[in-house]
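**Student:** Below are the C-alpha cells for one structure; questions will follow.
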Amino acid sequence: MIQSDLDLFGSQPQSLASQVMLLPGFALPEVEVLLDALRPVLRAAPFRHMQTPGGLHMAVALSNCGSLGWVSDARGYRYSPLDPLSGKPWPALPEVLLTLAARAASQAGFEGFVPDACLVNHYLPGTRLSLHQDRNEQDFSQPIVSISLGLPAVFLLGGMQRSDRPQHVPLSHGDVMVWGGEDRLRFHGVLPIKPGKHERMGERRINLTLRKAG
Ligand code: SIN
Ligand code: FE2
C-alpha cells in the first residue's frame, strides 16, 4: 500500500473543540524552507525580551514579520508597523508562511486566510507563557494559525474564562494548531518547556503565530 503524505509526515487532524483543530506534523514537509526564510527575518529583527505594561520583562523572547508586529511596553500591548528596536518596518512575511497558514486554516474550515502579522516566540527550557487571550487583533472573524518548532511543549487550551480548566495539548516539532470562530478568544498558554535538545532545533522551542491583525 502506498502511504499518503499525511501518513508519512503526521497523523490525522484532531478536533480539540468545535473550532480548534490540531494538525499533527502539518508543517514538517516545509520545515527546511521555513527555517531558511526565518533566518533573514531574525537577522533584521532579532529576538528580544519586551517589557510588560507592569514593567517586568517577558520570559518569552519574541520577534515579528509582516506589515504589523505585536509589541509590548510600558504603554501596553498593541500591533505596530515598526520594529521599536530598529525603528524600521518589520521584515516581510515570507511566502512559505503565507501559503502554509492559508492551507492549514483551510484544513480547519477557514477559507481565504490572509495573515498580515506573524509573531515569532522563542522559548528556552523552563520558559512558560501564562494564560492569555489574543485580543489585540482588529478582526476576530479570522483564525489564529500556530506552528510549533523544536522542543515539545504542552499547550494549555482554556475556555472563555481565565478560571476555566484548560485542556493539556502536547505539541511537537512541525505541529500546527488553528483556532477561530467561537473559539477565537479562548484563553491559552504554554507550560514550562522541559529541558531537552531537539535534533534539528537544539535547546529551544520556536512558535510562529499567524494572525490577521489589521
Ligand atoms: C501564543 O499564544 O502567542 C503562543 C502559543 C505557543 O507558543 O504555542
Ligand atoms: Fe496567544
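Chain identifiers are assigned as A, B, and so on, following the order in which chains appear in the C-alpha cells; residues are numbered from 1 within each chain, and ligands are numbered from 1 in order of appearance.
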If we count only C-alpha atoms, what is near segment 187-197 of chain A at a cut-off of 7 Å, once residues fewer than 2 positions away on the same chain are taken out, given as a list in words?
**Tutor:** Leu124, Pro125, Gly126, Thr127, Arg128, Leu129, Ser130, Leu131, His132, Gln133, Leu151, Ala153, Val154, Phe155, Leu156, Leu157, Gly158, Gly159, Met160, Gln161, Arg162, Leu185, Glu199, Gly202 and Glu203 of chain A
**Student:** Give the strand (DSSP E) residues of segment 2-211 of chain A, as assigned by DSSP on the backbone, as an NGL selection string.
**Tutor:** :A and (14-17 or 20-23 or 61-66 or 69-73 or 76-80 or 117-123 or 129-132 or 144-150 or 153-157 or 167-171 or 176-179 or 188-190 or 205-211)
**Student:** How about saving the chosen residues, C-alpha atoms kept, as a short mmCIF file (atom, residue, chain, number, x, y, z; two decimals), in the first residue's frame?
**Tutor:**
data_model
loop_
_atom_site.label_atom_id
_atom_site.label_comp_id
_atom_site.auth_asym_id
_atom_site.auth_seq_id
_atom_site.Cartn_x
_atom_site.Cartn_y
_atom_site.Cartn_z
CA GLN A 14 -7.66 16.18 15.65
CA SER A 15 -10.59 18.32 16.65
CA LEU A 16 -9.90 19.76 20.14
CA ALA A 17 -13.04 21.91 20.36
CA VAL A 20 -9.95 24.29 17.32
CA MET A 21 -8.00 21.87 15.16
CA LEU A 22 -4.63 20.23 15.73
CA LEU A 23 -2.84 19.26 12.50
CA ALA A 61 11.77 36.35 23.64
CA LEU A 62 9.98 37.48 20.50
CA SER A 63 10.20 38.96 17.05
CA ASN A 64 7.73 39.57 14.23
CA CYS A 65 7.37 39.64 10.49
CA GLY A 66 4.57 41.05 8.39
CA GLY A 69 4.10 43.18 14.61
CA TRP A 70 2.91 42.58 18.16
CA VAL A 71 4.71 44.74 20.71
CA SER A 72 4.56 45.26 24.45
CA ASP A 73 5.96 48.12 26.52
CA GLY A 76 0.54 48.34 26.84
CA TYR A 77 0.11 45.67 24.18
CA ARG A 78 -0.59 46.54 20.53
CA TYR A 79 0.39 45.99 16.92
CA SER A 80 2.91 48.31 15.35
CA ALA A 117 1.32 39.53 11.12
CA CYS A 118 3.47 36.67 12.36
CA LEU A 119 4.61 36.67 15.98
CA VAL A 120 7.73 34.56 16.47
CA ASN A 121 8.15 33.34 20.06
CA HIS A 122 11.38 31.85 21.40
CA TYR A 123 11.27 29.55 24.43
CA LEU A 129 3.62 31.55 28.69
CA SER A 130 0.83 32.32 31.08
CA LEU A 131 -2.85 32.10 30.16
CA HIS A 132 -3.99 34.96 27.94
CA ILE A 144 -5.01 32.12 14.60
CA VAL A 145 -2.62 29.64 12.97
CA SER A 146 0.16 28.43 15.26
CA ILE A 147 3.23 26.47 14.11
CA SER A 148 5.44 24.68 16.66
CA LEU A 149 9.13 24.00 16.06
CA GLY A 150 11.84 22.43 18.19
CA ALA A 153 5.52 21.76 24.62
CA VAL A 154 2.28 21.34 26.49
CA PHE A 155 -0.19 23.88 25.16
CA LEU A 156 -2.92 24.93 27.56
CA LEU A 157 -6.22 25.28 25.74
CA GLN A 167 -7.01 21.00 28.21
CA HIS A 168 -3.35 19.94 28.05
CA VAL A 169 -2.36 19.55 24.40
CA PRO A 170 1.09 18.08 23.65
CA LEU A 171 2.71 19.86 20.68
CA VAL A 176 0.11 23.22 13.52
CA MET A 177 -2.89 24.38 15.53
CA VAL A 178 -5.72 26.51 14.25
CA TRP A 179 -8.34 28.22 16.40
CA HIS A 188 -4.38 29.73 26.15
CA GLY A 189 -0.79 29.40 27.32
CA VAL A 190 2.22 27.10 27.43
CA ARG A 205 11.19 25.91 21.03
CA ILE A 206 10.11 28.40 18.41
CA ASN A 207 6.43 29.10 17.86
CA LEU A 208 5.03 31.11 14.98
CA THR A 209 1.52 32.52 15.24
CA LEU A 210 -0.01 33.94 12.09
CA ARG A 211 -2.71 36.50 12.56
#
**Student:** How would you write, as a compact mmCIF listing (two decimals) with C-alpha atoms, in the first residue's frame, the set of residues in segment 73-159 of chain A that DSSP gives as helix (DSSP H, G or I)?
**Tutor:**
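Generated output (result.txt):
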# COMPACT_ATOMS: atom_id res chain seq x y z
CA GLU A 95 5.69 33.40 1.11
CA VAL A 96 6.17 29.92 2.64
CA LEU A 97 4.42 31.09 5.82
CA LEU A 98 1.57 32.77 3.94
CA THR A 99 0.81 29.65 1.94
CA LEU A 100 1.29 27.24 4.85
CA ALA A 101 -1.01 29.33 7.06
CA ALA A 102 -3.69 29.55 4.36
CA ARG A 103 -3.55 25.76 3.77
CA ALA A 104 -3.73 24.98 7.49
CA ALA A 105 -6.61 27.41 8.02
CA SER A 106 -8.46 25.86 5.10
CA GLN A 107 -7.97 22.35 6.55
**Student:** Please report the interatomic distance between atom CA of Leu34 of chain A and atom CA of Pro115 of chain A in Å with one decimal.
**Tutor:**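 Atom-to-atom, atom CA of Leu34 of chain A to atom CA of Pro115 of chain A, that is 15.9 Å.
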**Student:** Give me the residues near Ala44 of chain A as number ranges by chain, where near means some atom within 10 Å (using only C-alpha atoms) and where sequence neighbours in that chain fewer than 3 positions away do not count.
**Tutor:** A: 39-41, 47, 63, 65, 83, 85-86, 88-91
**Student:** Which one is closest to Ala213 of chain A: A:Pro53, A:Pro46, A:Pro143, A:Gly25? Count only C-alpha atoms.
**Tutor:**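 Closest residue, counting only C-alpha atoms: A:Pro143.
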**Student:** Looking at only C-alpha atoms, which of A:Val31, A:Ala74, A:Ala37, A:Leu82 is the one that sits closest to Gly55 of chain A?
**Tutor:** A:Ala74
**Student:** Please determine, counting only C-alpha atoms and all ligand atoms, which residue among A:Met201, A:Ala92, A:Ala45, A:Val60 has the shortest atom-to-atom distance to ligand 2.
**Tutor:**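 Answer, going by the shortest atom-to-atom distance: A:Val60.
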